[in-house]
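Chemist: Compact mmCIF, C-alpha atoms (C1' of nucleotides), file structure-v2.txt:
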# COMPACT_ATOMS: atom_id res chain seq x y z
CA MET A 300 113.96 107.53 111.88
CA VAL A 301 116.75 108.43 110.30
CA LYS A 302 117.07 104.75 110.01
CA ARG A 303 114.32 102.68 108.55
CA THR A 304 112.98 100.72 111.46
CA SER A 305 114.23 97.21 111.82
CA PHE A 306 112.30 94.38 113.38
CA GLU A 307 115.42 92.39 114.03
CA GLY A 308 115.17 92.30 117.78
CA ASP A 309 111.42 92.03 117.82
CA ALA A 310 109.92 89.13 119.71
CA CYS A 311 107.05 88.66 117.27
CA PRO A 312 107.78 85.97 114.72
CA ILE A 313 105.72 87.76 112.10
CA ALA A 314 107.85 90.86 112.45
CA ARG A 315 110.94 88.69 112.28
CA SER A 316 109.81 87.17 109.03
CA LEU A 317 109.07 90.57 107.61
CA GLU A 318 112.58 91.64 108.50
CA ALA A 319 113.80 89.22 105.87
CA LEU A 320 110.93 89.10 103.41
CA GLY A 321 108.92 92.21 104.01
CA ASP A 322 109.97 94.42 101.17
CA TRP A 323 108.56 94.84 97.72
CA TRP A 324 110.82 92.49 95.86
CA SER A 325 112.12 89.69 98.04
CA LEU A 326 109.11 87.43 97.79
CA LEU A 327 108.92 87.91 94.05
CA ILE A 328 112.57 86.98 93.71
CA ILE A 329 111.87 83.87 95.75
CA ARG A 330 108.85 83.13 93.60
CA GLU A 331 111.05 83.18 90.52
CA ALA A 332 113.66 81.08 92.25
CA LEU A 333 111.04 78.49 93.08
CA PHE A 334 110.33 78.40 89.39
CA GLY A 335 113.89 77.56 88.65
CA VAL A 336 115.36 80.97 87.95
CA ARG A 337 118.98 81.08 89.04
CA ARG A 338 120.88 83.70 87.18
CA PHE A 339 121.14 87.40 87.83
CA GLY A 340 120.12 88.38 84.36
CA GLU A 341 117.21 86.03 84.36
CA PHE A 342 115.83 87.52 87.57
CA GLN A 343 116.34 90.95 86.17
CA SER A 344 114.55 90.36 82.91
CA LYS A 345 111.68 88.40 84.40
CA LEU A 346 111.02 90.86 87.17
CA GLY A 347 111.85 93.97 85.21
CA MET A 348 113.54 95.60 88.16
CA ALA A 349 116.57 97.83 88.34
CA LYS A 350 119.83 95.96 88.54
CA ASN A 351 121.15 97.83 91.52
CA ILE A 352 118.22 96.99 93.67
CA LEU A 353 118.21 93.41 92.45
CA ALA A 354 121.82 93.16 93.48
CA ALA A 355 120.99 94.59 96.90
CA ARG A 356 118.07 92.21 97.40
CA LEU A 357 120.03 89.17 96.34
CA ARG A 358 122.75 90.12 98.79
CA SER A 359 120.19 90.54 101.54
CA LEU A 360 118.54 87.21 100.78
CA VAL A 361 121.92 85.51 100.82
CA ASP A 362 122.72 87.22 104.13
CA HIS A 363 119.47 85.92 105.55
CA GLY A 364 120.22 82.39 104.47
CA ILE A 365 117.38 82.26 101.99
CA LEU A 366 119.54 82.05 98.90
CA GLU A 367 123.06 80.82 98.47
CA THR A 368 125.48 81.37 95.66
CA ALA A 369 126.92 78.44 93.82
CA PRO A 370 129.26 78.18 90.90
CA ALA A 371 127.96 77.74 87.47
CA SER A 372 125.75 74.79 86.83
CA ASP A 373 126.31 75.15 83.10
CA GLY A 374 130.08 75.15 83.26
CA SER A 375 130.49 78.90 82.84
CA ALA A 376 132.53 81.00 85.21
CA TYR A 377 129.47 82.84 86.47
CA GLN A 378 127.60 82.05 89.62
CA GLU A 379 124.00 81.34 90.34
CA TYR A 380 121.59 81.89 93.18
CA LEU A 381 119.94 78.86 94.67
CA LEU A 382 117.29 78.55 97.32
CA THR A 383 118.31 77.04 100.60
CA PRO A 384 115.89 74.87 102.57
CA LYS A 385 114.98 78.00 104.49
CA GLY A 386 114.20 79.64 101.18
CA ARG A 387 112.09 76.77 99.97
CA GLY A 388 110.32 76.93 103.32
CA THR A 389 108.66 80.16 102.24
CA PHE A 390 106.44 78.27 99.85
CA PRO A 391 103.39 78.27 102.14
CA ILE A 392 103.71 82.02 102.50
CA LEU A 393 103.54 82.43 98.75
CA VAL A 394 100.63 80.06 98.51
CA ALA A 395 98.80 81.98 101.22
CA LEU A 396 99.38 85.26 99.41
CA ARG A 397 98.22 83.75 96.16
CA GLN A 398 95.09 82.29 97.66
CA TRP A 399 94.25 85.52 99.40
CA SER A 400 94.41 87.28 96.07
CA GLU A 401 92.36 84.61 94.36
CA GLU A 402 89.69 84.88 97.00
CA PHE A 403 89.50 88.59 97.63
CA ASP A 404 90.98 90.45 94.69
CA ASP A 405 88.68 93.10 93.28
CA ALA A 406 89.61 92.20 89.71
CA PRO A 407 90.17 88.45 89.81
CA GLU A 408 89.79 88.25 86.06
CA GLU A 409 93.17 89.92 85.78
CA ILE A 410 94.87 87.04 87.55
CA ALA A 411 96.64 85.04 84.91
CA THR A 412 97.43 81.75 86.56
CA ILE A 413 96.09 79.29 89.05
CA LEU A 414 98.10 76.89 91.14
CA VAL A 415 97.09 73.33 90.44
CA ASP A 416 97.95 69.88 91.58
CA ARG A 417 100.29 68.57 88.89
CA GLU A 418 98.80 65.11 88.90
CA LYS A 419 95.17 66.01 88.47
CA GLY A 420 95.45 69.52 87.12
CA ARG A 421 92.92 70.65 89.72
CA PRO A 422 93.33 73.74 91.92
CA VAL A 423 95.18 73.29 95.15
CA LYS A 424 92.93 73.28 98.19
CA LYS A 425 92.78 76.35 100.36
CA LEU A 426 95.29 76.33 103.16
CA GLU A 427 93.57 75.56 106.39
CA MET A 428 94.60 75.79 109.96
CA ARG A 429 94.27 72.66 112.00
CA ALA A 430 94.95 71.57 115.54
CA GLU A 431 97.40 68.81 116.28
CA ASP A 432 94.53 66.40 116.36
CA GLY A 433 93.25 67.58 113.02
CA ARG A 434 90.36 69.79 114.09
CA LEU A 435 89.81 72.69 111.70
CA LEU A 436 90.55 75.99 113.45
CA SER A 437 89.31 79.48 112.84
CA PRO A 438 91.32 82.47 114.03
CA ALA A 439 89.05 82.70 117.05
CA ASP A 440 89.90 79.14 117.98
CA THR A 441 93.50 80.09 118.47
CA MET A 442 95.44 82.15 120.95
CA LEU A 443 99.00 83.16 121.65
CA LYS A 444 100.88 81.58 124.48
CA PRO A 445 104.25 82.67 125.87
CA ARG A 446 106.93 80.43 124.53
CA PRO A 447 107.92 77.87 127.12
CA THR A 448 111.53 78.36 128.15
CA PRO A 449 113.11 75.25 126.71
CA LEU A 450 115.11 74.22 129.77
CA ARG A 451 118.07 76.49 129.36
CA ARG A 452 120.80 74.22 130.55
CA SER A 453 119.83 71.59 133.02
CA ALA A 454 121.85 72.70 136.03
CA MET B 138 112.63 105.38 89.06
CA VAL B 139 110.89 108.23 89.75
CA LYS B 140 107.89 106.32 90.79
CA ARG B 141 108.06 103.42 93.12
CA THR B 142 106.96 100.45 91.10
CA SER B 143 103.41 99.31 91.51
CA PHE B 144 102.23 95.79 90.96
CA GLU B 145 98.66 96.86 90.46
CA GLY B 146 98.27 95.68 86.91
CA ASP B 147 100.42 92.62 87.38
CA ALA B 148 98.87 89.33 86.45
CA CYS B 149 100.58 87.44 89.27
CA PRO B 150 98.37 87.05 92.29
CA ILE B 151 101.34 87.16 94.61
CA ALA B 152 102.36 90.51 93.26
CA ARG B 153 98.80 91.70 93.56
CA SER B 154 98.73 90.74 97.21
CA LEU B 155 101.98 92.51 97.82
CA GLU B 156 100.52 95.61 96.27
CA ALA B 157 98.20 95.81 99.27
CA LEU B 158 100.21 94.13 102.01
CA GLY B 159 103.79 94.24 100.90
CA ASP B 160 105.16 97.05 102.95
CA TRP B 161 106.79 97.07 106.31
CA TRP B 162 103.79 97.90 108.43
CA SER B 163 100.56 96.73 106.86
CA LEU B 164 100.72 93.15 108.03
CA LEU B 165 101.66 94.21 111.52
CA ILE B 166 98.70 96.56 111.65
CA ILE B 167 96.49 93.70 110.55
CA ARG B 168 98.07 91.48 113.18
CA GLU B 169 97.10 93.97 115.84
CA ALA B 170 93.65 94.34 114.38
CA LEU B 171 93.17 90.59 114.53
CA PHE B 172 94.00 90.89 118.19
CA GLY B 173 91.23 93.35 118.70
CA VAL B 174 93.04 96.65 118.35
CA ARG B 175 90.73 99.23 116.83
CA ARG B 176 91.79 102.71 117.75
CA PHE B 177 94.43 104.90 116.17
CA GLY B 178 96.25 105.55 119.38
CA GLU B 179 96.24 101.92 120.30
CA PHE B 180 97.86 100.93 117.03
CA GLN B 181 100.35 103.68 117.44
CA SER B 182 101.43 102.78 120.94
CA LYS B 183 101.52 99.02 120.35
CA LEU B 184 103.49 99.26 117.15
CA GLY B 185 105.61 102.23 118.14
CA MET B 186 105.44 103.74 114.72
CA ALA B 187 105.24 107.33 113.59
CA LYS B 188 101.74 108.73 113.49
CA ASN B 189 101.97 110.07 109.98
CA ILE B 190 102.92 106.78 108.50
CA LEU B 191 100.33 104.98 110.58
CA ALA B 192 97.72 107.37 109.20
CA ALA B 193 98.93 106.71 105.66
CA ARG B 194 98.86 102.96 106.14
CA LEU B 195 95.42 102.95 107.67
CA ARG B 196 94.16 104.98 104.76
CA SER B 197 95.73 102.58 102.30
CA LEU B 198 94.29 99.56 104.08
CA VAL B 199 90.86 101.16 104.05
CA ASP B 200 91.27 101.95 100.36
CA HIS B 201 92.14 98.33 99.70
CA GLY B 202 89.08 97.12 101.52
CA ILE B 203 91.04 95.47 104.29
CA LEU B 204 89.92 97.79 107.06
CA GLU B 205 86.83 99.89 107.37
CA THR B 206 86.09 102.79 109.63
CA ALA B 207 83.16 102.67 111.96
CA PRO B 208 81.86 105.05 114.55
CA ALA B 209 82.76 104.68 118.11
CA SER B 210 81.94 101.40 119.76
CA ASP B 211 82.36 102.99 123.19
CA GLY B 212 79.97 105.87 122.60
CA SER B 213 82.67 108.48 122.01
CA ALA B 214 82.66 110.64 118.91
CA TYR B 215 85.83 109.05 117.62
CA GLN B 216 86.03 106.33 115.02
CA GLU B 217 87.64 102.96 114.94
CA TYR B 218 89.22 100.71 112.35
CA LEU B 219 87.71 97.29 111.87
CA LEU B 220 88.81 94.39 109.72
CA THR B 221 86.60 93.50 106.80
CA PRO B 222 86.19 89.87 105.75
CA LYS B 223 88.94 90.51 103.22
CA GLY B 224 91.10 91.69 106.09
CA ARG B 225 90.34 88.67 108.23
CA GLY B 226 91.17 86.57 105.19
CA THR B 227 94.83 87.44 105.62
CA PHE B 228 95.04 85.22 108.65
CA PRO B 229 96.65 82.30 106.81
CA ILE B 230 99.32 84.65 105.50
CA LEU B 231 100.18 85.69 109.02
CA VAL B 232 100.19 82.11 110.20
CA ALA B 233 102.48 81.15 107.33
CA LEU B 234 104.88 83.96 108.19
CA ARG B 235 104.83 82.98 111.83
CA GLN B 236 105.46 79.33 111.13
CA TRP B 237 108.28 80.13 108.77
CA SER B 238 109.94 82.11 111.51
CA GLU B 239 109.34 79.39 114.05
CA GLU B 240 110.91 76.81 111.78
CA PHE B 241 113.83 78.68 110.27
CA ASP B 242 114.71 81.64 112.47
CA ASP B 243 118.34 81.76 113.44
CA ALA B 244 117.52 82.82 116.98
CA PRO B 245 114.25 81.06 117.74
CA GLU B 246 114.77 81.56 121.44
CA GLU B 247 114.01 85.23 120.89
CA ILE B 248 110.51 84.42 119.71
CA ALA B 249 108.15 85.27 122.53
CA THR B 250 104.95 83.54 121.64
CA ILE B 251 103.54 80.46 120.02
CA LEU B 252 100.19 80.11 118.36
CA VAL B 253 98.14 77.43 120.02
CA ASP B 254 94.80 75.81 119.66
CA ARG B 255 92.65 77.51 122.28
CA GLU B 256 90.88 74.36 123.31
CA LYS B 257 93.87 72.14 123.95
CA GLY B 258 96.60 74.73 124.35
CA ARG B 259 98.72 72.80 121.88
CA PRO B 260 100.60 74.39 118.95
CA VAL B 261 98.71 74.76 115.74
CA LYS B 262 99.73 72.26 113.09
CA LYS B 263 101.96 73.41 110.26
CA LEU B 264 100.05 74.64 107.27
CA GLU B 265 100.12 72.08 104.56
CA MET B 266 99.22 72.13 100.94
CA ARG B 267 96.77 69.54 99.80
CA ALA B 268 95.08 68.57 96.58
CA GLU B 269 91.32 68.69 96.25
CA ASP B 270 91.20 65.01 97.10
CA GLY B 271 93.33 65.52 100.19
CA ARG B 272 96.71 64.33 98.96
CA LEU B 273 99.59 66.17 100.60
CA LEU B 274 101.46 68.24 98.03
CA SER B 275 105.03 69.45 97.90
CA PRO B 276 105.95 72.46 95.78
CA ALA B 277 107.17 70.08 93.09
CA ASP B 278 103.77 68.44 92.99
CA THR B 279 102.23 71.68 91.84
CA MET B 280 102.33 73.75 88.70
CA LEU B 281 100.81 76.93 87.34
CA LYS B 282 98.08 76.78 84.79
CA PRO B 283 96.67 79.68 82.79
CA ARG B 284 93.42 80.78 84.30
CA PRO B 285 90.53 79.43 82.31
CA THR B 286 88.59 82.29 80.77
CA PRO B 287 85.36 82.10 82.68
CA LEU B 288 83.06 82.31 79.70
CA ARG B 289 83.08 86.03 79.16
CA ARG B 290 79.58 86.50 77.92
CA SER B 291 78.10 83.62 76.09
CA ALA B 292 77.62 85.15 72.65
C1' DT C 839 86.68 127.83 130.01
C1' DT C 840 90.60 126.07 130.73
C1' DG C 841 92.92 122.16 130.34
C1' DT C 842 93.92 117.31 128.51
C1' DG C 843 93.71 113.38 125.48
C1' DT C 844 92.76 111.73 120.84
C1' DG C 845 93.62 111.73 116.13
C1' DG C 846 95.57 113.35 113.13
C1' DT C 847 98.61 116.89 109.52
C1' DT C 848 102.78 119.50 108.25
C1' DG C 849 107.76 120.41 107.75
C1' DC C 850 112.15 118.82 107.56
C1' DA C 851 115.94 115.45 107.48
C1' DT C 852 117.40 110.99 106.10
C1' DT C 853 117.01 106.75 103.62
C1' DA C 854 115.47 103.72 100.05
C1' DT C 855 114.30 103.06 95.35
C1' DA C 856 114.88 103.62 90.55
C1' DA C 857 116.80 104.76 85.97
C1' DA C 858 120.72 105.35 83.40
C1' DA C 859 125.43 105.41 82.66
C1' DC C 860 129.44 103.08 83.32
C1' DC C 861 132.72 99.15 83.88
C1' DA C 862 135.29 94.74 84.44
C1' DA C 863 135.34 90.08 83.53
C1' DT C 864 133.60 86.29 80.63
C1' DT C 865 132.08 84.41 76.47
C1' DG C 866 131.31 83.75 71.63
C1' DC C 867 133.07 84.02 67.20
C1' DC C 868 136.30 84.02 63.46
C1' DG D 513 144.59 85.36 69.59
C1' DG D 514 141.70 89.38 68.74
C1' DC D 515 137.35 91.79 68.93
C1' DA D 516 132.61 92.43 70.00
C1' DA D 517 128.82 91.19 72.69
C1' DT D 518 126.94 89.36 76.98
C1' DT D 519 126.86 88.95 81.91
C1' DG D 520 126.92 90.75 86.29
C1' DG D 521 127.29 94.00 88.52
C1' DT D 522 128.65 99.35 90.73
C1' DT D 523 128.16 104.40 90.57
C1' DT D 524 125.70 108.53 89.91
C1' DT D 525 121.88 111.14 90.29
C1' DA D 526 116.89 112.07 90.94
C1' DT D 527 112.68 111.18 93.17
C1' DA D 528 109.71 108.96 96.53
C1' DA D 529 109.00 106.96 101.06
C1' DT D 530 110.01 106.97 105.96
C1' DG D 531 110.55 108.90 110.43
C1' DC D 532 110.73 112.33 114.01
C1' DA D 533 109.06 116.36 115.97
C1' DA D 534 106.19 120.08 116.11
C1' DC D 535 101.81 121.66 115.45
C1' DC D 536 96.71 121.73 115.39
C1' DA D 537 91.65 120.80 115.63
C1' DC D 538 88.23 118.59 117.92
C1' DA D 539 86.23 115.97 121.77
C1' DC D 540 85.76 115.56 126.37
C1' DA D 541 86.43 116.43 131.42
C1' DA D 542 86.70 119.72 135.27
What's the structure tokens form of this structure?

Modeler:
Amino acid sequence: MVKRTSFEGDACPIARSLEALGDWWSLLIIREALFGVRRFGEFQSKLGMAKNILAARLRSLVDHGILETAPASDGSAYQEYLLTPKGRGTFPILVALRQWSEEFDDAPEEIATILVDREKGRPVKKLEMRAEDGRLLSPADTMLKPRPTPLRRSA
Amino acid sequence: MVKRTSFEGDACPIARSLEALGDWWSLLIIREALFGVRRFGEFQSKLGMAKNILAARLRSLVDHGILETAPASDGSAYQEYLLTPKGRGTFPILVALRQWSEEFDDAPEEIATILVDREKGRPVKKLEMRAEDGRLLSPADTMLKPRPTPLRRSA
DNA sequence: TTGTGTGGTTGCATTATAAAACCAATTGCC
DNA sequence: GGCAATTGGTTTTATAATGCAACCACACAA
């Protein structure tokens, strides 16, 4: 390397996601943000991470359009970090990670929390993959197709 | 630091997942494995990564019970790397990452493939979060609850 | 038995990560 | 207004991870 490899130009959408989210801290920062954390110090104390790398990650997430900075919601002169719609769109990823851990973790008794439906207090159902018409799909029921060129400019 | 932080003892299931999957390459290796890639050299050439780090990642994935080694399916004396059920269980995570990219990527025209239902050839439906009774849930409809202690040993 | 391909490991350079110290601006307090 | 503490970082320095290239052992093919 010399440079840590980047997936920026990669054609695989998974690699492209990892370009933005695929490091140790980004998804945890987003997790906190989804819980309402907004301020630098709050992220730092909740995650217990070094401030320099928090600063770097926040900058990267802002650059990727996942967070945005906004002035003070409490009237102070400081700023806060808010999720954009793109940032909130990562929620299914976090749920998938959580459910994978709940299902396969070797020490599930160490998991402190479960995600529940607020209304009933019951666990959220496992994410499932379905076809457009609602049929439940297993990995083997799916395949990759080249993306159709979306009529460049109708000449 | 001195040591790169580990989330091993963390009580958050998301952090625990990231402990196993949260580096640059692991999910891409799993992606290839889901596509049927089994051999060291095949991973290496498809992913274009350095052999030493591929070796390290494969070892880590095996240690985490995501891959397992098996002898030669083609009769040769070499071994191959196969996904365990735990490994195949990451599929929703990959789908979530893919869909996030498809929905929010700044340059979606660079994405080469779409995931389709094999039977109809139509795109897979977006993952959605539902309650046990089937109600569609938004992030705000959910909350975290402490895990109920699963009756340790009935004294 | 002399190659050739497979599946790694080792050594070295570069980068990323982390802890701690430092610092400027903003508050809080009197 | 003046002073200390808090907030939100940056800098410095050390260690770990990453990547490339070279090397190497074993399998296999001729």

Chemist: Could you pull the residues within 12 Å of B:Leu198, counting only C-alpha atoms (C1' of nucleotides), minus those fewer than 3 positions along the same chain, as a PDB file with C-alpha atoms, keeping the file's coordinate frame?

Modeler:
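The resulting selection26.pdb:
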ATOM      1  CA  GLU B 156     100.520  95.610  96.270  1.00  0.00           C
ATOM      2  CA  ALA B 157      98.200  95.810  99.270  1.00  0.00           C
ATOM      3  CA  LEU B 158     100.210  94.130 102.010  1.00  0.00           C
ATOM      4  CA  GLY B 159     103.790  94.240 100.900  1.00  0.00           C
ATOM      5  CA  ASP B 160     105.160  97.050 102.950  1.00  0.00           C
ATOM      6  CA  TRP B 162     103.790  97.900 108.430  1.00  0.00           C
ATOM      7  CA  SER B 163     100.560  96.730 106.860  1.00  0.00           C
ATOM      8  CA  LEU B 164     100.720  93.150 108.030  1.00  0.00           C
ATOM      9  CA  LEU B 165     101.660  94.210 111.520  1.00  0.00           C
ATOM     10  CA  ILE B 166      98.700  96.560 111.650  1.00  0.00           C
ATOM     11  CA  ILE B 167      96.490  93.700 110.550  1.00  0.00           C
ATOM     12  CA  ALA B 170      93.650  94.340 114.380  1.00  0.00           C
ATOM     13  CA  LEU B 191     100.330 104.980 110.580  1.00  0.00           C
ATOM     14  CA  ALA B 192      97.720 107.370 109.200  1.00  0.00           C
ATOM     15  CA  ALA B 193      98.930 106.710 105.660  1.00  0.00           C
ATOM     16  CA  ARG B 194      98.860 102.960 106.140  1.00  0.00           C
ATOM     17  CA  LEU B 195      95.420 102.950 107.670  1.00  0.00           C
ATOM     18  CA  HIS B 201      92.140  98.330  99.700  1.00  0.00           C
ATOM     19  CA  GLY B 202      89.080  97.120 101.520  1.00  0.00           C
ATOM     20  CA  ILE B 203      91.040  95.470 104.290  1.00  0.00           C
ATOM     21  CA  LEU B 204      89.920  97.790 107.060  1.00  0.00           C
ATOM     22  CA  GLU B 205      86.830  99.890 107.370  1.00  0.00           C
ATOM     23  CA  THR B 206      86.090 102.790 109.630  1.00  0.00           C
ATOM     24  CA  TYR B 218      89.220 100.710 112.350  1.00  0.00           C
ATOM     25  CA  LEU B 219      87.710  97.290 111.870  1.00  0.00           C
ATOM     26  CA  LEU B 220      88.810  94.390 109.720  1.00  0.00           C
ATOM     27  CA  THR B 221      86.600  93.500 106.800  1.00  0.00           C
ATOM     28  CA  LYS B 223      88.940  90.510 103.220  1.00  0.00           C
ATOM     29  CA  GLY B 224      91.100  91.690 106.090  1.00  0.00           C
TER      30      GLY B 224
END

Chemist: For chain A, report every residue with an atom at most 12 Å from chain D (counting all atoms listed in the file), formatted as a list of chain:residue names.

Modeler: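 Listed by rising number, the hits are A:Met300, A:Val301, A:Lys302, A:Arg303, A:Thr304, A:Arg338, A:Phe339, A:Gly340, A:Glu341, A:Phe342, A:Gln343, A:Ala349, A:Lys350, A:Asn351, A:Ile352, A:Leu353, A:Ala354, A:Ala355, A:Leu357, A:Arg358, A:Ser375, A:Ala376, A:Tyr377, A:Gln378, A:Glu379.
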
Chemist: For chain A, which of C:DT840, C:DG866, C:DG846, C:DA851 is the closest residue, counting all atoms listed in the file?

Modeler: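 Looking only at the distances to chain A, the closest residue turns out to be C:DA851.
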
Chemist: Tell me as a short mmCIF file (atom, residue, chain, number, x, y, z; two decimals) with C-alpha atoms (C1' of nucleotides), in the frame of the given file which residues belonging to chain C come within 10 Å of chain B, counting only C-alpha atoms (C1' of nucleotides).

Modeler:
data_model
loop_
_atom_site.label_atom_id
_atom_site.label_comp_id
_atom_site.auth_asym_id
_atom_site.auth_seq_id
_atom_site.Cartn_x
_atom_site.Cartn_y
_atom_site.Cartn_z
"C1'" DT C 844 92.76 111.73 120.84
"C1'" DG C 845 93.62 111.73 116.13
"C1'" DG C 846 95.57 113.35 113.13
"C1'" DT C 847 98.61 116.89 109.52
"C1'" DT C 848 102.78 119.50 108.25
"C1'" DT C 855 114.30 103.06 95.35
"C1'" DA C 856 114.88 103.62 90.55
"C1'" DA C 857 116.80 104.76 85.97
"C1'" DA C 858 120.72 105.35 83.40
#

Chemist: When you count all atoms listed in the file, which of these residues is closest to chain A: B:Pro150, B:Val232, B:Arg272, B:Phe144?

Modeler: B:Pro150

Chemist: Using all atoms listed in the file, which of the listed residues (A:Lys444, A:Arg337, A:Lys345, A:Lys419) sits closest to chain B?

Modeler: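 Selected residue with least distance to chain B: A:Lys444.
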
Chemist: State, in Å with one decimal place, the distance from atom CA of A:Gly374 to atom C1' of C:DC868.

Modeler: 22.6 Å

Chemist: Which residue, B:Thr250, B:Pro285, B:Ala207, B:Asp200, has the smallest gap to chain A when you use only C-alpha atoms?

Modeler: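 So, comparing all the options, the nearest one is B:Thr250.
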
Chemist: Which distance in Å separates atom CA of A:Ala430 and atom CA of B:Ala233, to one decimal?

Modeler: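 Atom-to-atom, atom CA of A:Ala430 and atom CA of B:Ala233 are spaced 14.7 Å apart.
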
Chemist: Ranking B:Leu184, B:Gly173, B:Cys149, B:Leu273 by minimum distance to chain A and counting all atoms listed in the file, which one comes first?

Modeler: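 Of all the options, B:Cys149 lies closest to chain A.
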
Chemist: Please determine, counting only C-alpha atoms, which residue among A:Asp373, A:Ala439, A:Ile313, A:Gly420 has the shortest atom-to-atom distance to chain B.

Modeler: A:Ile313
